[in-house]
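Student: Please read through the structure below; I'll follow up with questions.
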Amino acid sequence: MRLQPKVLTTFATQKPVFKAGAMKPDKLAIELLRPEINRPSAWSIPKVLRALEPDGIGGEVDTTTVFLTGAECPFRCSMCDLWQYTSLGNTPVGAIPFQLAQVLKPESSNGRRWLKLYNASNFFDPRSIPTEDLNAIAEHCSPFERVIVENHPRFCDDRMAAFSKAIPGQLEVAMGLESIHPNAIEIMNKRMTLADFDRAVAKCQCLNIDVRVFVLLHPPGVDQKEAVEWTRNTVAYAMERRVRHVSIIPVRAGNGWIDRLIDTEGYQLPTVSMIRELYKTFSRSEISSVGVSSAGSTTIEFDLWDYENWQGGCPECRDSLVKHIALCNREQRILPQDETEIRCECTV
Ligand code: SF4
Ligand SMILES: [Zn+2]
């Protein structure tokens, strides 16, 4: 099945209508389908998560993630739900340092610590992170050995190079490759070609900036039967470019456009059995040991956030799979599934 939704707008009601087999979605249609929510203020106190993250060399690092609130990304990827964590209008100057000051208390460097500054947008877009604030933000980064920010490949500019120089630690830029499937690239509306992605990776590596890549499991536009294979191919593509880290993320519902695709086009979210199959595929392929391929070493992590909402399976096999993946994430090797406790044969 090829998913090529067409979005038409019925102007009398302003309700979009999907038709199969036509063009990709556009910005207006994606926005019209969004659920109504109250957008947060750029002067709110950010959420913080502290967790251990695999360092790719056998250890784990105490990692603090600060979920910053600022202006929305100018792109309109059809599967994106990050806009709900962004504020309306450009981020005011001073708001991001204000947020960081609320949650990062001045401290000296004590042991290995990493910092993720995730703004649900692009860190080097001046509408989201004002240029005037970059030095103040860099000061907050000083206790951290590694600082990870998220950014679209088309925003990898001189501001990125300057910020990398301004922080004492290692900068890592996280970018969405999402999928190398040609149909998915169109339907996701990411406004990025593989050549754009490759150029951004090369630029980062030239500047000694590490690269983290987000890869989706079963993005719209990929036949369900081929979803696992294309995710594996996309992970391999990223590894061949010697990125430091790959995060695999199952597509989620809730942004409006994905929900409409489920209702009208027969699109199915990734299932527990699909995730199990992905891990079996890894163990059969050249990605036989997580993070090691002929091209070099990459940390591979499967995103367990929101696992309660994975489709299919029963609570028992979902829990077993989560434990199995957590172990693979931590140890950075693919474990045979019979070594862990996946006993359930449920394939719903
Ligand atoms: S580039 Fe990232 S933040 Fe922007 S719309 Fe796409 S997925 Fe969302
Ligand atoms: Zn089961």
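By convention here, the chains of the structure tokens are called A, B, ... in the order presented, each chain's residues are numbered starting at 1, and ligands are numbered starting at 1 in the order presented.
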Range 238-249 of chain A: which residues within 7 Å, counting only C-alpha atoms, same-chain residues fewer than 3 positions away excluded, as a list of chain:residue names?

Tutor: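 Non-adjacent residues within range: A:Asp210, A:Val211, A:Arg212, A:Val213, A:Phe214, A:Val215, A:Leu216, A:Leu217, A:Thr234, A:Val235, A:Ala295, A:Gly296, A:Thr298, A:Thr299, A:Ile300, A:Glu301, A:Phe302, A:Asp303.
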
Student: Give as a VMD selection string the residues surrounding ligand 1 up to a distance of 7 Å, considering only C-alpha atoms and all ligand atoms.

Tutor: chain A and resid 73 to 77 80 to 83 120 to 122 152 176 190

Student: Write a file of the just-selected residues containing C-alpha atoms, as an mmCIF file, in the first residue's frame.

Tutor:
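Output file out27.cif follows:
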data_model
loop_
_atom_site.group_PDB
_atom_site.id
_atom_site.type_symbol
_atom_site.label_atom_id
_atom_site.label_comp_id
_atom_site.auth_asym_id
_atom_site.auth_seq_id
_atom_site.Cartn_x
_atom_site.Cartn_y
_atom_site.Cartn_z
ATOM 1 C CA CYS A 73 9.808 25.646 13.815
ATOM 2 C CA PRO A 74 9.029 27.213 10.402
ATOM 3 C CA PHE A 75 8.755 23.783 8.745
ATOM 4 C CA ARG A 76 5.575 21.734 8.805
ATOM 5 C CA CYS A 77 6.567 18.086 8.830
ATOM 6 C CA CYS A 80 5.511 16.363 13.815
ATOM 7 C CA ASP A 81 3.825 16.961 17.158
ATOM 8 C CA LEU A 82 6.516 19.209 18.646
ATOM 9 C CA TRP A 83 4.680 22.466 17.846
ATOM 10 C CA ALA A 120 11.026 21.456 20.017
ATOM 11 C CA SER A 121 12.308 23.477 17.068
ATOM 12 C CA ASN A 122 15.706 24.485 15.661
ATOM 13 C CA HIS A 152 17.045 21.111 10.978
ATOM 14 C CA GLY A 176 15.904 14.382 11.823
ATOM 15 C CA LYS A 190 10.376 17.965 5.751
#

Student: Might you pull out every residue within 9 Å of Val93 in chain A, with only C-alpha atoms counted and same-chain residues fewer than 6 positions away left off, and present them as a short mmCIF file (atom, residue, chain, number, x, y, z; two decimals) with C-alpha atoms, in the first residue's frame?

Tutor:
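Output saved as part16.cif:
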data_model
loop_
_atom_site.label_atom_id
_atom_site.label_comp_id
_atom_site.auth_asym_id
_atom_site.auth_seq_id
_atom_site.Cartn_x
_atom_site.Cartn_y
_atom_site.Cartn_z
CA ILE A 129 16.85 31.06 20.00
CA PRO A 130 17.73 34.77 19.62
CA THR A 131 21.32 35.34 18.59
CA GLU A 132 21.70 37.89 21.41
CA ASP A 133 21.18 35.06 23.93
#

Student: With a distance cut-off of 12 Å and only C-alpha atoms, select the neighbouring residues of Asp223 in chain A, excluding the residue or stretch itself and same-chain residues fewer than 2 positions from it, and output the selection as a list in words.

Tutor: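 The residues satisfying every condition are Met1, Arg2, Leu3, Gln4, His181, Pro182, Asn183, Ala184, Leu217, His218, Pro219, Pro220, Gly221, Lys225, Glu226, Ala227, Val228, Glu229, Trp230, Thr231, Glu265, Gly266, Tyr267, Gln268, Leu269 and Pro270 of chain A.
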
Student: Given the selection you just returned, output its residues as a file containing C-alpha atoms, formatted as a compact mmCIF listing (two decimals), in the first residue's frame.

Tutor:
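Saved the output as selection.txt:
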# COMPACT_ATOMS: atom_id res chain seq x y z
CA MET A 1 0.00 0.00 0.00
CA ARG A 2 1.35 3.41 -0.90
CA LEU A 3 0.06 6.24 1.17
CA GLN A 4 -0.30 9.37 -0.85
CA HIS A 181 12.38 6.13 1.58
CA PRO A 182 11.64 8.48 -1.37
CA ASN A 183 7.88 8.38 -0.85
CA ALA A 184 8.21 9.07 2.89
CA LEU A 217 9.86 3.59 12.57
CA HIS A 218 7.09 3.36 9.97
CA PRO A 219 6.69 6.93 8.74
CA PRO A 220 3.70 7.58 6.47
CA GLY A 221 4.54 6.84 2.85
CA LYS A 225 5.26 -4.63 5.20
CA GLU A 226 8.43 -2.74 4.26
CA ALA A 227 8.55 -0.47 7.32
CA VAL A 228 11.12 -2.47 9.29
CA GLU A 229 13.40 -2.86 6.28
CA TRP A 230 13.33 0.88 5.51
CA THR A 231 14.04 1.80 9.11
CA GLU A 265 -6.09 6.04 4.65
CA GLY A 266 -5.63 2.85 6.62
CA TYR A 267 -2.28 3.99 7.98
CA GLN A 268 -1.26 2.02 11.07
CA LEU A 269 1.05 3.20 13.80
CA PRO A 270 4.09 1.01 14.54

Student: Check the smallest atom-to-atom distance from each of A:Leu88, A:Ile275, A:Ala136, A:Cys314 to ligand 2 using only C-alpha atoms and all ligand atoms, then report the winner.

Tutor: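 Between A:Leu88, A:Ile275, A:Ala136, A:Cys314, the residue approaching ligand 2 most closely is A:Cys314.
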
Student: Between A:Ser273, A:Asn119, A:Asn309, A:Thr281, which residue has the minimum interatomic distance to ligand 2, considering only C-alpha atoms and all ligand atoms?

Tutor: A:Ser273
